[in-house]
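Everything below concerns the one structure shown next.
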Amino acid sequence: MSEAEALAALRARVRAAAARVNRTPESVTLLGVAKGVPSPRVVAAVRAGLADVAENYAQEAATRRAELAKRIAETGAAPPRWHFVGRLQRNKARAVAQLFDAVHTLDRPELGHDLERHAAAAGRTLDVLIQVNTSGEAQKGGAAPERVHGLLAASAAWPHLRIAGLMAIPAASDDPERTRPAFAMLRALRDSLRGNHPALVELSIGMSSDFEVAIEEGATIIRVGTALFGAREST
Ligand SMILES: *Cc1c(COP(=O)(O)O)cnc(C)c1O
């Protein structure tokens, strides 16, 4: 299947899932996760209309970005918005603040301070989502749900970060219904915080195996890798 065909098939599934809960397909941003995907396929997807592309690795982002940007420009396609969805180390905050338009994985105040400092130095404003650890697994990234309020309070000191919503990576499962409670929990958390933080609108939830359930639970951004690009060559 070509990237254009895969994108069309995905969009049809997004439309159907959105229709089931009386949402418009435009209320869901399809984010293509490009980790392990050869550049020509990412370029083909952007040419076919993919407007948002995500990377996981800050380390390789600079060279990869330059190469992709050049190839995309050669096709005449509009450049996509670049999202960072990987685990973020403090020593990579500078590269991420310089290279990405949106960061989905803010989970501690130190990282917010670093991103703010580097975004300010670069003269940029980043869209930032707070990653929440919905499963309580200690080895996973993400702030514990009870810490999100504190992070939001700290964000008042970060004028170059627009805290736009919440993100989660629930434990993967063969049965998408099993991730539904985690999605619902994140949505309830966002709704409970929204009174004091009206800018908190985005819910970045749902991947290839469960994005339809995520849309039913209110996802505004779905992060799709394999269902768009096929099996990864490497991660
Ligand atoms: C790889 C990855 C995805 C996409 O995973 P698929 O199952 O291939 O759709 C989404 N989000 C994050 C954070 C990822 O690392």
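Identifiers in this document derive from the order of the structure tokens: chains are assigned A, B, ..., residues are numbered from 1 separately in each chain, and ligands are numbered from 1 in order of occurrence.
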Got a sec: who's within 12 Å of Ala54 of chain A, counting only C-alpha atoms, leaving out chain neighbours fewer than 2 positions off, as a CSV table (one decimal) with all heavy atoms, in the first residue's frame?
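The resulting file, part-v1.csv, is shown below:
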```csv
chain,number,residue,atom,x,y,z
A,30,LEU,N,-4.2,13.8,13.1
A,30,LEU,CA,-3.5,12.6,12.8
A,30,LEU,C,-2.0,12.9,12.8
A,30,LEU,O,-1.5,13.6,11.9
A,30,LEU,CB,-4.0,12.0,11.5
A,30,LEU,CG,-3.2,10.8,11.0
A,30,LEU,CD1,-3.3,9.6,12.0
A,30,LEU,CD2,-3.8,10.4,9.6
A,31,LEU,N,-1.3,12.4,13.8
A,31,LEU,CA,0.1,12.6,13.9
A,31,LEU,C,0.8,11.3,13.5
A,31,LEU,O,0.6,10.3,14.1
A,31,LEU,CB,0.4,12.9,15.4
A,31,LEU,CG,1.8,13.1,15.9
A,31,LEU,CD1,2.6,14.1,15.0
A,31,LEU,CD2,1.9,13.6,17.3
A,32,GLY,N,1.6,11.4,12.5
A,32,GLY,CA,2.4,10.3,12.0
A,32,GLY,C,3.7,10.1,12.7
A,32,GLY,O,4.5,11.0,12.7
A,33,VAL,N,3.9,9.0,13.4
A,33,VAL,CA,5.1,8.8,14.2
A,33,VAL,C,6.1,8.1,13.3
A,33,VAL,O,5.9,7.0,12.9
A,33,VAL,CB,4.8,7.9,15.4
A,33,VAL,CG1,6.0,7.7,16.2
A,33,VAL,CG2,3.7,8.6,16.3
A,34,ALA,N,7.2,8.8,13.1
A,34,ALA,CA,8.2,8.4,12.0
A,34,ALA,C,9.4,7.7,12.5
A,34,ALA,O,10.3,7.4,11.8
A,34,ALA,CB,8.7,9.7,11.3
A,35,LYS,N,9.3,7.2,13.8
A,35,LYS,CA,10.5,6.5,14.3
A,35,LYS,C,10.7,5.2,13.5
A,35,LYS,O,9.7,4.5,13.3
A,35,LYS,CB,10.4,6.2,15.8
A,35,LYS,CG,9.3,5.3,16.2
A,35,LYS,CD,9.4,4.8,17.7
A,35,LYS,CE,8.4,3.8,18.0
A,35,LYS,NZ,7.3,4.4,18.9
A,36,GLY,N,11.9,5.0,13.1
A,36,GLY,CA,12.2,3.7,12.4
A,36,GLY,C,11.7,3.7,11.0
A,36,GLY,O,11.7,2.6,10.3
A,37,VAL,N,11.2,4.8,10.5
A,37,VAL,CA,10.6,4.8,9.1
A,37,VAL,C,11.6,5.5,8.2
A,37,VAL,O,12.1,6.6,8.4
A,37,VAL,CB,9.3,5.6,9.1
A,37,VAL,CG1,8.7,5.7,7.7
A,37,VAL,CG2,8.3,5.0,10.0
A,42,VAL,N,8.4,8.9,4.8
A,42,VAL,CA,7.8,10.0,5.5
A,42,VAL,C,7.5,11.2,4.5
A,42,VAL,O,6.5,11.8,4.6
A,42,VAL,CB,8.9,10.5,6.6
A,42,VAL,CG1,8.3,11.7,7.3
A,42,VAL,CG2,9.2,9.4,7.6
A,46,VAL,N,3.9,13.0,3.8
A,46,VAL,CA,3.7,14.5,3.8
A,46,VAL,C,3.1,15.0,2.5
A,46,VAL,O,2.2,15.8,2.5
A,46,VAL,CB,5.0,15.2,4.2
A,46,VAL,CG1,4.9,16.7,4.1
A,46,VAL,CG2,5.4,14.8,5.7
A,50,LEU,N,-0.1,14.4,5.0
A,50,LEU,CA,0.1,14.3,6.4
A,50,LEU,C,0.7,15.7,6.9
A,50,LEU,O,1.8,16.1,6.4
A,50,LEU,CB,1.1,13.2,6.7
A,50,LEU,CG,1.4,12.9,8.2
A,50,LEU,CD1,0.2,12.4,8.9
A,50,LEU,CD2,2.6,12.0,8.3
A,51,ALA,N,0.1,16.3,7.8
A,51,ALA,CA,0.5,17.7,8.2
A,51,ALA,C,1.3,17.7,9.5
A,51,ALA,O,1.9,18.7,9.9
A,51,ALA,CB,-0.7,18.6,8.3
A,52,ASP,N,1.3,16.6,10.3
A,52,ASP,CA,2.0,16.5,11.6
A,52,ASP,C,2.8,15.3,11.6
A,52,ASP,O,2.3,14.2,11.4
A,52,ASP,CB,0.9,16.5,12.7
A,52,ASP,CG,0.2,17.9,12.8
A,52,ASP,OD1,-0.8,18.0,12.0
A,52,ASP,OD2,0.6,18.7,13.6
A,56,ASN,N,10.9,10.5,18.0
A,56,ASN,CA,11.1,10.0,19.4
A,56,ASN,C,12.5,10.3,19.9
A,56,ASN,O,12.8,10.3,21.1
A,56,ASN,CB,11.0,8.5,19.5
A,56,ASN,CG,9.5,8.1,19.4
A,56,ASN,OD1,8.9,8.2,18.4
A,56,ASN,ND2,9.0,7.5,20.5
A,57,TYR,N,13.4,10.5,19.0
A,57,TYR,CA,14.8,10.6,19.4
A,57,TYR,C,15.4,12.0,19.1
A,57,TYR,O,15.6,12.4,17.9
A,57,TYR,CB,15.7,9.5,18.7
A,57,TYR,CG,15.1,8.2,19.0
A,57,TYR,CD1,14.4,7.5,18.0
A,57,TYR,CD2,15.1,7.6,20.3
A,57,TYR,CE1,13.8,6.2,18.3
A,57,TYR,CE2,14.5,6.4,20.5
A,57,TYR,CZ,13.9,5.7,19.5
A,57,TYR,OH,13.3,4.5,19.8
A,58,ALA,N,15.7,12.7,20.2
A,58,ALA,CA,16.3,14.1,20.0
A,58,ALA,C,17.6,14.0,19.3
A,58,ALA,O,18.0,14.9,18.6
A,58,ALA,CB,16.4,14.8,21.3
A,61,ALA,N,17.4,13.9,15.7
A,61,ALA,CA,16.4,14.8,15.1
A,61,ALA,C,17.0,15.8,14.1
A,61,ALA,O,16.5,16.1,13.1
A,61,ALA,CB,15.6,15.4,16.1
A,64,ARG,N,18.2,14.3,10.8
A,64,ARG,CA,17.1,13.7,10.1
A,64,ARG,C,16.1,14.9,9.6
A,64,ARG,O,15.6,14.9,8.5
A,64,ARG,CB,16.3,12.9,11.1
A,64,ARG,CG,15.0,12.5,10.7
A,64,ARG,CD,14.9,11.1,10.3
A,64,ARG,NE,13.5,10.6,10.6
A,64,ARG,CZ,13.1,9.5,10.0
A,64,ARG,NH1,13.8,8.8,9.2
A,64,ARG,NH2,11.8,9.2,10.2
A,65,ARG,N,15.9,15.9,10.5
A,65,ARG,CA,15.1,17.0,10.1
A,65,ARG,C,15.6,17.7,8.9
A,65,ARG,O,14.8,18.1,8.0
A,65,ARG,CB,15.0,18.0,11.3
A,65,ARG,CG,14.3,19.3,11.0
A,65,ARG,CD,12.9,19.0,10.7
A,65,ARG,NE,12.5,18.0,11.7
A,65,ARG,CZ,12.3,18.3,13.0
A,65,ARG,NH1,12.3,19.6,13.4
A,65,ARG,NH2,11.9,17.4,13.8
A,80,PRO,N,5.6,20.0,7.3
A,80,PRO,CA,4.7,19.6,8.4
A,80,PRO,C,5.0,20.3,9.7
A,80,PRO,O,6.1,21.0,9.8
A,80,PRO,CB,5.0,18.1,8.5
A,80,PRO,CG,6.4,18.0,8.1
A,80,PRO,CD,6.6,19.0,7.1
A,81,ARG,N,4.2,20.1,10.7
A,81,ARG,CA,4.5,20.5,12.1
A,81,ARG,C,5.2,19.4,12.7
A,81,ARG,O,4.8,18.2,12.6
A,81,ARG,CB,3.2,20.8,12.9
A,81,ARG,CG,2.8,22.3,12.8
A,81,ARG,CD,1.4,22.4,13.5
A,81,ARG,NE,1.4,22.0,14.9
A,81,ARG,CZ,1.8,22.7,15.9
A,81,ARG,NH1,2.4,23.9,15.7
A,81,ARG,NH2,1.8,22.2,17.1
A,82,TRP,N,6.3,19.7,13.5
A,82,TRP,CA,7.1,18.6,14.0
A,82,TRP,C,6.8,18.5,15.5
A,82,TRP,O,6.9,19.4,16.3
A,82,TRP,CB,8.6,18.9,13.9
A,82,TRP,CG,9.0,19.1,12.4
A,82,TRP,CD1,9.1,20.2,11.7
A,82,TRP,CD2,9.3,18.0,11.5
A,82,TRP,NE1,9.5,19.9,10.4
A,82,TRP,CE2,9.6,18.6,10.3
A,82,TRP,CE3,9.3,16.6,11.6
A,82,TRP,CZ2,10.0,17.9,9.2
A,82,TRP,CZ3,9.7,15.9,10.5
A,82,TRP,CH2,10.0,16.5,9.3
A,83,HIS,N,6.5,17.2,15.9
A,83,HIS,CA,6.2,16.9,17.3
A,83,HIS,C,7.3,16.0,17.9
A,83,HIS,O,7.7,15.1,17.3
A,83,HIS,CB,4.9,16.2,17.4
A,83,HIS,CG,3.7,16.9,16.9
A,83,HIS,ND1,2.6,17.3,17.7
A,83,HIS,CD2,3.4,17.4,15.6
A,83,HIS,CE1,1.7,17.9,16.9
A,83,HIS,NE2,2.2,18.0,15.7
A,84,PHE,N,7.6,16.3,19.2
A,84,PHE,CA,8.5,15.3,19.9
A,84,PHE,C,7.7,14.5,20.9
A,84,PHE,O,7.0,15.1,21.7
A,84,PHE,CB,9.6,16.1,20.6
A,84,PHE,CG,10.6,15.2,21.2
A,84,PHE,CD1,11.6,14.6,20.5
A,84,PHE,CD2,10.5,14.9,22.6
A,84,PHE,CE1,12.5,13.7,21.1
A,84,PHE,CE2,11.5,14.0,23.2
A,84,PHE,CZ,12.5,13.4,22.4
A,85,VAL,N,7.8,13.2,20.7
A,85,VAL,CA,6.9,12.3,21.6
A,85,VAL,C,7.8,11.3,22.4
A,85,VAL,O,7.2,10.4,23.0
A,85,VAL,CB,5.9,11.5,20.7
A,85,VAL,CG1,4.9,12.5,20.0
A,85,VAL,CG2,6.5,10.6,19.7
A,86,GLY,N,9.1,11.5,22.3
A,86,GLY,CA,10.0,10.5,23.0
A,86,GLY,C,10.2,10.9,24.4
A,86,GLY,O,9.9,12.0,24.9
A,96,VAL,N,15.6,19.9,21.4
A,96,VAL,CA,14.2,19.8,21.2
A,96,VAL,C,13.5,21.1,21.1
A,96,VAL,O,12.6,21.4,20.2
A,96,VAL,CB,13.5,18.9,22.3
A,96,VAL,CG1,12.0,19.0,22.4
A,96,VAL,CG2,14.0,17.4,22.2
A,99,LEU,N,14.2,22.5,17.6
A,99,LEU,CA,13.8,21.8,16.4
A,99,LEU,C,12.3,21.5,16.3
A,99,LEU,O,11.8,21.3,15.2
A,99,LEU,CB,14.5,20.4,16.4
A,99,LEU,CG,16.0,20.5,16.1
A,99,LEU,CD1,16.7,19.1,16.4
A,99,LEU,CD2,16.2,20.8,14.6
A,100,PHE,N,11.6,21.4,17.5
A,100,PHE,CA,10.2,20.9,17.4
A,100,PHE,C,9.2,22.0,17.7
A,100,PHE,O,9.5,23.0,18.4
A,100,PHE,CB,10.1,19.8,18.4
A,100,PHE,CG,10.8,18.5,18.0
A,100,PHE,CD1,12.1,18.3,18.4
A,100,PHE,CD2,10.2,17.6,17.2
A,100,PHE,CE1,12.8,17.2,17.9
A,100,PHE,CE2,10.8,16.5,16.8
A,100,PHE,CZ,12.1,16.3,17.1
A,101,ASP,N,8.0,21.9,17.1
A,101,ASP,CA,7.0,22.8,17.3
A,101,ASP,C,6.1,22.5,18.5
A,101,ASP,O,5.5,23.3,19.2
A,101,ASP,CB,6.0,22.9,16.1
A,101,ASP,CG,6.8,23.2,14.8
A,101,ASP,OD1,7.4,24.3,14.8
A,101,ASP,OD2,6.8,22.4,13.9
A,102,ALA,N,6.1,21.2,18.8
A,102,ALA,CA,5.3,20.7,19.9
A,102,ALA,C,6.0,19.6,20.7
A,102,ALA,O,6.7,18.8,20.0
A,102,ALA,CB,3.9,20.2,19.4
A,103,VAL,N,5.9,19.5,22.0
A,103,VAL,CA,6.5,18.5,22.8
A,103,VAL,C,5.4,17.8,23.6
A,103,VAL,O,4.7,18.5,24.3
A,103,VAL,CB,7.6,19.1,23.7
A,103,VAL,CG1,8.2,18.1,24.6
A,103,VAL,CG2,8.6,19.9,22.9
A,104,HIS,N,5.3,16.5,23.6
A,104,HIS,CA,4.2,15.8,24.2
A,104,HIS,C,4.6,15.2,25.6
A,104,HIS,O,3.8,14.6,26.2
A,104,HIS,CB,3.7,14.7,23.3
A,104,HIS,CG,3.0,15.1,22.1
A,104,HIS,ND1,1.8,14.5,21.7
A,104,HIS,CD2,3.3,16.0,21.2
A,104,HIS,CE1,1.4,15.1,20.6
A,104,HIS,NE2,2.3,16.0,20.2
A,105,THR,N,5.9,15.3,26.0
A,105,THR,CA,6.4,14.5,27.1
A,105,THR,C,7.0,15.3,28.2
A,105,THR,O,7.9,14.9,28.9
A,105,THR,CB,7.4,13.5,26.5
A,105,THR,OG1,8.4,14.2,25.7
A,105,THR,CG2,6.8,12.4,25.7
A,221,ILE,N,-5.6,14.3,19.5
A,221,ILE,CA,-4.4,14.0,18.7
A,221,ILE,C,-4.2,12.5,18.8
A,221,ILE,O,-4.1,12.0,19.9
A,221,ILE,CB,-3.1,14.7,19.2
A,221,ILE,CG1,-3.3,16.2,19.3
A,221,ILE,CG2,-1.9,14.3,18.4
A,221,ILE,CD1,-2.1,17.0,19.9
A,222,ILE,N,-4.1,11.8,17.7
A,222,ILE,CA,-3.7,10.3,17.7
A,222,ILE,C,-2.4,10.2,17.1
A,222,ILE,O,-2.0,10.8,16.2
A,222,ILE,CB,-4.8,9.4,17.0
A,222,ILE,CG1,-5.0,9.9,15.6
A,222,ILE,CG2,-6.1,9.5,17.8
A,222,ILE,CD1,-5.9,8.9,14.7
A,223,ARG,N,-1.5,9.3,17.8
A,223,ARG,CA,-0.1,9.2,17.3
A,223,ARG,C,0.0,7.8,16.7
A,223,ARG,O,0.0,6.8,17.3
A,223,ARG,CB,0.8,9.2,18.6
A,223,ARG,CG,0.6,10.5,19.4
A,223,ARG,CD,1.5,10.5,20.6
A,223,ARG,NE,1.5,9.2,21.4
A,223,ARG,CZ,0.7,9.0,22.4
A,223,ARG,NH1,0.0,9.9,22.9
A,223,ARG,NH2,0.7,7.8,23.0
A,224,VAL,N,0.1,7.8,15.4
A,224,VAL,CA,0.0,6.6,14.6
A,224,VAL,C,1.3,6.3,13.9
A,224,VAL,O,1.8,7.1,13.1
A,224,VAL,CB,-1.2,6.6,13.6
A,224,VAL,CG1,-1.2,5.3,12.8
A,224,VAL,CG2,-2.5,6.9,14.4
A,225,GLY,N,1.9,5.1,14.1
A,225,GLY,CA,3.1,4.7,13.4
A,225,GLY,C,2.8,3.6,12.4
A,225,GLY,O,2.6,3.9,11.3
```
Write down as a PyMOL selection string the residues belonging to segment 149-222 of chain A that are assigned helix (DSSP H, G or I) by DSSP computed on the backbone.
chain A and resi 149-157+176-194+211-216
Which neighbours of Gly112 of chain A fall inside 12 Å, counting only C-alpha atoms, when residues of the same chain fewer than 5 positions from it are skipped, and could you give them as an MDAnalysis selection string?
chainID A and resid 88:90 93:94 96:97 103:107 117:120 126:131 150:163
Report the residues of segment 16-201 of chain A whose backbone DSSP state falls under strand (DSSP E), written as an NGL selection string.
:A and (29-33 or 52-55 or 81-84 or 102-106 or 126-131 or 161-167)
Write out as number ranges by chain the residues lying within 12 Å of Pro38 of chain A, counting only C-alpha atoms and excluding same-chain residues fewer than 3 positions away.
A: 33-35, 41-45, 64, 67-68, 229-235
File dump, residues just selected, C-alpha atoms, as a JSON list (two decimals), in the first residue's frame:
```json
[["chain", "number", "residue", "atom", "x", "y", "z"],
["A", 33, "VAL", "CA", 5.07, 8.78, 14.18],
["A", 34, "ALA", "CA", 8.17, 8.44, 12.02],
["A", 35, "LYS", "CA", 10.51, 6.49, 14.30],
["A", 41, "ARG", "CA", 8.20, 7.12, 3.15],
["A", 42, "VAL", "CA", 7.84, 10.04, 5.53],
["A", 43, "VAL", "CA", 8.20, 12.41, 2.59],
["A", 44, "ALA", "CA", 5.58, 10.48, 0.61],
["A", 45, "ALA", "CA", 3.13, 10.69, 3.52],
["A", 64, "ARG", "CA", 17.05, 13.74, 10.09],
["A", 67, "GLU", "CA", 17.28, 15.80, 5.34],
["A", 68, "LEU", "CA", 13.49, 15.53, 5.52],
["A", 229, "PHE", "CA", 3.91, 3.44, 7.69],
["A", 230, "GLY", "CA", 3.81, -0.33, 8.10],
["A", 231, "ALA", "CA", 6.13, -2.34, 10.34],
["A", 232, "ARG", "CA", 9.18, -0.45, 11.56],
["A", 233, "GLU", "CA", 12.64, -1.31, 10.31],
["A", 234, "SER", "CA", 14.16, -0.22, 13.60],
["A", 235, "THR", "CA", 13.20, 1.82, 16.63]]
```
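Each of A:Leu228, A:Ile205, A:Asn196, A:Leu115 was compared to Thr179 of chain A using only C-alpha atoms, and A:Ile205 turns out to be the nearest.
Remark: for ligand 1, the closest of the candidate residues A:Glu55, A:Glu60, A:Glu146, A:Glu202 is A:Glu55 (distances computed over only C-alpha atoms and all ligand atoms).
In terms of minimum interatomic distance to Val14 of chain A, A:Val28 ranks closest within A:Ala182, A:Val28, A:Met1, A:Ala144, counting only C-alpha atoms.
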Distance atom CA of Arg194 of chain A-atom 4 (C, counted along the ligand's line) of ligand 1, one decimal place?
26.9 Å
Between atom CA of Arg47 of chain A and atom CA of Ile72 of chain A lies a distance of 7.5 Å
Go through A:Ser209, A:Gln59, A:Gln98, A:Ser27 and flag the residue nearest ligand 1, using only C-alpha atoms and all ligand atoms for the distances.
A:Ser209
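Comparing the minimum interatomic distances between ligand 1 and each of A:Ala188, A:Met207, A:Ala66, A:Ala19, counting only C-alpha atoms and all ligand atoms, we find that A:Met207 sits nearest.
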